[in-house]
There are 2 protein chains.
Amino acid sequence: MTGTRGYHHGDLRRALLAAAVRVIEETGPGALSLRDLARRAGVSHAAPAHHFGDKAGLLTALAAEGFDLLAEALLAAGGDLLDRGVAYVDFAVGHRAHFEVMFRPDLYRPEAEELVAARERAGDALRSGVAALPEGRPTAEDPQGDALAAWSIVHGFATLWLSGALPARVGEDPRAAARVVVHRLFPEP
Amino acid sequence: MTGTRGYHHGDLRRALLAAAVRVIEETGPGALSLRDLARRAGVSHAAPAHHFGDKAGLLTALAAEGFDLLAEALLAAGGDLLDRGVAYVDFAVGHRAHFEVMFRPDLYRPEAEELVAARERAGDALRSGVAALPEGRPTAEDPQGDALAAWSIVHGFATLWLSGALPARVGEDPRAAARVVVHRLFPEP
DNA sequence: GTGTCATCTTGTCAACGGAAAGATAGGCTC
DNA sequence: GAGCCTATCTTTCCGTTGACAAGATGACAC
């Protein structure tokens, strides 16, 4: 379908985003080069400009895609807060390129319309997880505080894991380790 | 003392690091340019190479300095875990340039000797805070889990704060908000 | 005053991001 | 089916960057 032969690529926009994910996973977003992406897609170095304007435009699209994927992953994890926390970490590890760009607003245009909307969807998915906590908890009077604490702990664990700062004894399974950590914040009664 | 006149700068290494901190605080580490730093210090574009080798060398030095400053700040905060957590966030906000580089190992050389040593000092300061927790706590049997959870929650809060992802209702005082969040992880008995 | 060495300069190169202007393909109208 | 239109991609160019090489300068020891 997407014959890469001929003058027109067919699906260059998607090909560039996919290549960007690969490059970022290998070498981080700092080493990303539009010219390299164009080479990987088999087009000239100026072709990306038509789809994304500039580098920040490409990363804006990548970040927006990431927030949408995150919202999807959180909702798919079900209503249990513990499961959603694990899903958050799982998303960060499984989509590390998206995740790294999403929380680096200096790399893209945080006010872009598509991005604001996607971020909003992800934020809703985050907050709605906390609403499902049991009623009788000691901090039930402050669900926003619960949400902030939950987001902080899973986000912190995920970034520390990705940056390789965690000691080896934490293990090799991020899902299991994340579950233990989140459980410590919301112990069962 | 550091007369910038004449052939020799006097304290170019420090001047470059200070300029790097300023630039990163303004525009993030991605926009950092050795040539710009050299211009700000009033030297030629190749002068930085003598002190740091290359860009990664400069950022390695900056990260190492950051881990040392963090260890210092944590120890200065005293033995209380809550205070140390707040100090961690306070460091991230107050030294955002250092903090942003420290946890981006793709930007520098994580195996550099000076850096490994500094990171070790900061890690010790982190863990020794958890050791001071009261004995009778439910999770007292797993101090490593406590340390991981504490590190995750303060690190997550700090990075979310710095990335501007937190909603406005969290307020404008990171210290106060951090205290509330950490307190939720280690409530008093 | 001579040698030595760390420090800094000048000159150069390939790669990059971005802009401008032109080429091509495929679809649309009549 | 002829002409046109528009999105897509190419070619060319400019200023900037990181890195390297070779040379200039000054501080300091002896």
# chains A, B, ... in the order shown; residues from 1 in each chain; ligands from 1
$ interface_residues --of "chain C" --to "chain B" --cutoff "9 Å" --atoms "only C-alpha atoms (C1' of nucleotides)" --output "list of chain:residue names"
C:DT7, C:DC8, C:DT9
$ interface_residues --of "chain D" --to "chain A" --cutoff "12 Å" --atoms "only C-alpha atoms (C1' of nucleotides)" --output "list in words"
DA7, DT8, DC9, DT10, DT11 and DT12 of chain D
$ write_last_selection --atoms "N, CA and C atoms (P, O5', C5', C4', C3', O3' and C1' of nucleotides)" --output "short mmCIF file (atom, residue, chain, number, x, y, z; two decimals), in the first residue's frame"
data_model
loop_
_atom_site.label_atom_id
_atom_site.label_comp_id
_atom_site.auth_asym_id
_atom_site.auth_seq_id
_atom_site.Cartn_x
_atom_site.Cartn_y
_atom_site.Cartn_z
P DA D 7 -3.25 22.40 -0.71
"O5'" DA D 7 -2.61 20.97 -0.41
"C5'" DA D 7 -3.36 19.81 -0.69
"C4'" DA D 7 -2.43 18.64 -0.92
"C3'" DA D 7 -1.33 18.48 0.13
"O3'" DA D 7 -1.18 17.10 0.42
"C1'" DA D 7 -0.35 18.70 -2.00
P DT D 8 -0.20 16.63 1.59
"O5'" DT D 8 1.15 16.26 0.82
"C5'" DT D 8 1.13 15.20 -0.11
"C4'" DT D 8 2.40 15.21 -0.93
"C3'" DT D 8 3.71 15.07 -0.14
"O3'" DT D 8 4.25 13.81 -0.43
"C1'" DT D 8 3.88 16.66 -1.91
P DC D 9 5.49 13.29 0.48
"O5'" DC D 9 6.77 13.82 -0.31
"C5'" DC D 9 7.13 13.20 -1.55
"C4'" DC D 9 8.12 14.07 -2.30
"C3'" DC D 9 9.51 14.22 -1.64
"O3'" DC D 9 10.48 13.53 -2.41
"C1'" DC D 9 8.70 16.25 -2.61
P DT D 10 12.04 13.77 -2.04
"O5'" DT D 10 12.44 14.94 -3.06
"C5'" DT D 10 12.32 14.74 -4.46
"C4'" DT D 10 13.11 15.81 -5.21
"C3'" DT D 10 14.58 15.93 -4.83
"O3'" DT D 10 15.36 16.04 -6.02
"C1'" DT D 10 13.51 18.03 -4.54
P DT D 11 16.96 15.91 -5.95
"O5'" DT D 11 17.46 17.39 -6.25
"C5'" DT D 11 16.63 18.26 -6.99
"C4'" DT D 11 17.19 19.68 -6.98
"C3'" DT D 11 18.66 19.84 -6.60
"O3'" DT D 11 19.25 20.73 -7.52
"C1'" DT D 11 17.30 21.19 -5.20
P DT D 12 20.83 21.07 -7.46
"O5'" DT D 12 20.87 22.43 -6.63
"C5'" DT D 12 20.01 23.51 -7.02
"C4'" DT D 12 20.09 24.64 -5.99
"C3'" DT D 12 21.49 24.93 -5.45
"O3'" DT D 12 21.78 26.30 -5.68
"C1'" DT D 12 19.90 24.85 -3.71
#
$ atom_distance --atom1 "atom CA of Ala20 of chain A" --atom2 "atom CA of Asp36 of chain A"
9.2 Å
$ interface_residues --of "chain B" --to "chain A" --cutoff "9 Å" --atoms "only C-alpha atoms" --output "MDAnalysis selection string"
chainID B and resid 27:30 103:107 139 144:146 148:160 163:166 170 180:182 184:186
$ atom_distance --atom1 "atom CA of Glu120 of chain A" --atom2 "atom CA of Asp173 of chain B"
23.5 Å
$ atom_distance --atom1 "atom CA of Gly79 of chain B" --atom2 "atom CA of Glu141 of chain B"
19.7 Å
$ select_by_dssp --residues "segment 25-171 of chain B" --states "helix (DSSP H, G or I)" --output "PyMOL selection string"
chain B and resi 25-27+29-31+34-41+47-52+55-76+81-94+96-102+105-107+113-130+143-163+168-170
$ decode --residues "segment 40-66 of chain A" --atoms "N, CA and C atoms" --output "PDB file, in the first residue's frame"
ATOM      1  N   ARG A  40      16.262   8.001   6.575  1.00  0.00           N
ATOM      2  CA  ARG A  40      15.665   6.711   6.898  1.00  0.00           C
ATOM      3  C   ARG A  40      14.386   6.474   6.105  1.00  0.00           C
ATOM      4  N   ALA A  41      13.642   7.517   5.835  1.00  0.00           N
ATOM      5  CA  ALA A  41      12.394   7.372   5.088  1.00  0.00           C
ATOM      6  C   ALA A  41      12.639   7.379   3.582  1.00  0.00           C
ATOM      7  N   GLY A  42      13.879   7.654   3.181  1.00  0.00           N
ATOM      8  CA  GLY A  42      14.196   7.636   1.761  1.00  0.00           C
ATOM      9  C   GLY A  42      13.733   8.861   1.004  1.00  0.00           C
ATOM     10  N   VAL A  43      13.602   9.981   1.694  1.00  0.00           N
ATOM     11  CA  VAL A  43      13.202  11.218   1.020  1.00  0.00           C
ATOM     12  C   VAL A  43      14.286  12.273   1.224  1.00  0.00           C
ATOM     13  N   SER A  44      14.086  13.413   0.577  1.00  0.00           N
ATOM     14  CA  SER A  44      15.099  14.457   0.696  1.00  0.00           C
ATOM     15  C   SER A  44      15.021  15.123   2.067  1.00  0.00           C
ATOM     16  N   HIS A  45      16.077  15.853   2.392  1.00  0.00           N
ATOM     17  CA  HIS A  45      16.159  16.362   3.771  1.00  0.00           C
ATOM     18  C   HIS A  45      15.135  17.443   4.066  1.00  0.00           C
ATOM     19  N   ALA A  46      14.505  17.995   3.040  1.00  0.00           N
ATOM     20  CA  ALA A  46      13.545  19.070   3.271  1.00  0.00           C
ATOM     21  C   ALA A  46      12.103  18.573   3.272  1.00  0.00           C
ATOM     22  N   ALA A  47      11.912  17.312   2.970  1.00  0.00           N
ATOM     23  CA  ALA A  47      10.546  16.794   2.901  1.00  0.00           C
ATOM     24  C   ALA A  47       9.809  16.900   4.243  1.00  0.00           C
ATOM     25  N   PRO A  48      10.446  16.615   5.360  1.00  0.00           N
ATOM     26  CA  PRO A  48       9.721  16.692   6.639  1.00  0.00           C
ATOM     27  C   PRO A  48       9.100  18.056   6.896  1.00  0.00           C
ATOM     28  N   ALA A  49       9.709  19.101   6.388  1.00  0.00           N
ATOM     29  CA  ALA A  49       9.197  20.438   6.665  1.00  0.00           C
ATOM     30  C   ALA A  49       7.756  20.586   6.193  1.00  0.00           C
ATOM     31  N   HIS A  50       7.416  19.901   5.134  1.00  0.00           N
ATOM     32  CA  HIS A  50       6.060  20.056   4.618  1.00  0.00           C
ATOM     33  C   HIS A  50       5.027  19.522   5.608  1.00  0.00           C
ATOM     34  N   HIS A  51       5.363  18.440   6.317  1.00  0.00           N
ATOM     35  CA  HIS A  51       4.380  17.817   7.208  1.00  0.00           C
ATOM     36  C   HIS A  51       4.387  18.432   8.598  1.00  0.00           C
ATOM     37  N   PHE A  52       5.537  18.882   9.056  1.00  0.00           N
ATOM     38  CA  PHE A  52       5.622  19.321  10.449  1.00  0.00           C
ATOM     39  C   PHE A  52       6.121  20.747  10.606  1.00  0.00           C
ATOM     40  N   GLY A  53       6.443  21.405   9.540  1.00  0.00           N
ATOM     41  CA  GLY A  53       6.953  22.762   9.654  1.00  0.00           C
ATOM     42  C   GLY A  53       8.409  22.758  10.057  1.00  0.00           C
ATOM     43  N   ASP A  54       8.676  22.416  11.300  1.00  0.00           N
ATOM     44  CA  ASP A  54      10.059  22.338  11.767  1.00  0.00           C
ATOM     45  C   ASP A  54      10.184  21.221  12.794  1.00  0.00           C
ATOM     46  N   LYS A  55      11.340  21.148  13.409  1.00  0.00           N
ATOM     47  CA  LYS A  55      11.615  20.075  14.355  1.00  0.00           C
ATOM     48  C   LYS A  55      10.632  20.105  15.523  1.00  0.00           C
ATOM     49  N   ALA A  56      10.377  21.299  16.044  1.00  0.00           N
ATOM     50  CA  ALA A  56       9.435  21.408  17.155  1.00  0.00           C
ATOM     51  C   ALA A  56       8.053  20.916  16.739  1.00  0.00           C
ATOM     52  N   GLY A  57       7.694  21.130  15.502  1.00  0.00           N
ATOM     53  CA  GLY A  57       6.412  20.659  15.022  1.00  0.00           C
ATOM     54  C   GLY A  57       6.339  19.146  15.035  1.00  0.00           C
ATOM     55  N   LEU A  58       7.399  18.493  14.616  1.00  0.00           N
ATOM     56  CA  LEU A  58       7.417  17.033  14.639  1.00  0.00           C
ATOM     57  C   LEU A  58       7.307  16.516  16.065  1.00  0.00           C
ATOM     58  N   LEU A  59       8.037  17.133  16.985  1.00  0.00           N
ATOM     59  CA  LEU A  59       7.992  16.663  18.365  1.00  0.00           C
ATOM     60  C   LEU A  59       6.658  16.989  19.030  1.00  0.00           C
ATOM     61  N   THR A  60       6.014  18.064  18.591  1.00  0.00           N
ATOM     62  CA  THR A  60       4.668  18.367  19.086  1.00  0.00           C
ATOM     63  C   THR A  60       3.712  17.249  18.699  1.00  0.00           C
ATOM     64  N   ALA A  61       3.807  16.822  17.450  1.00  0.00           N
ATOM     65  CA  ALA A  61       2.945  15.728  16.996  1.00  0.00           C
ATOM     66  C   ALA A  61       3.246  14.450  17.774  1.00  0.00           C
ATOM     67  N   LEU A  62       4.522  14.202  18.027  1.00  0.00           N
ATOM     68  CA  LEU A  62       4.901  12.997  18.764  1.00  0.00           C
ATOM     69  C   LEU A  62       4.372  13.046  20.198  1.00  0.00           C
ATOM     70  N   ALA A  63       4.479  14.210  20.831  1.00  0.00           N
ATOM     71  CA  ALA A  63       3.999  14.352  22.206  1.00  0.00           C
ATOM     72  C   ALA A  63       2.485  14.174  22.263  1.00  0.00           C
ATOM     73  N   ALA A  64       1.774  14.761  21.315  1.00  0.00           N
ATOM     74  CA  ALA A  64       0.315  14.635  21.306  1.00  0.00           C
ATOM     75  C   ALA A  64      -0.094  13.177  21.133  1.00  0.00           C
ATOM     76  N   GLU A  65       0.586  12.504  20.207  1.00  0.00           N
ATOM     77  CA  GLU A  65       0.328  11.075  20.023  1.00  0.00           C
ATOM     78  C   GLU A  65       0.568  10.323  21.331  1.00  0.00           C
ATOM     79  N   GLY A  66       1.627  10.730  22.054  1.00  0.00           N
ATOM     80  CA  GLY A  66       1.954  10.081  23.320  1.00  0.00           C
ATOM     81  C   GLY A  66       0.876  10.276  24.360  1.00  0.00           C
TER      82      GLY A  66
END
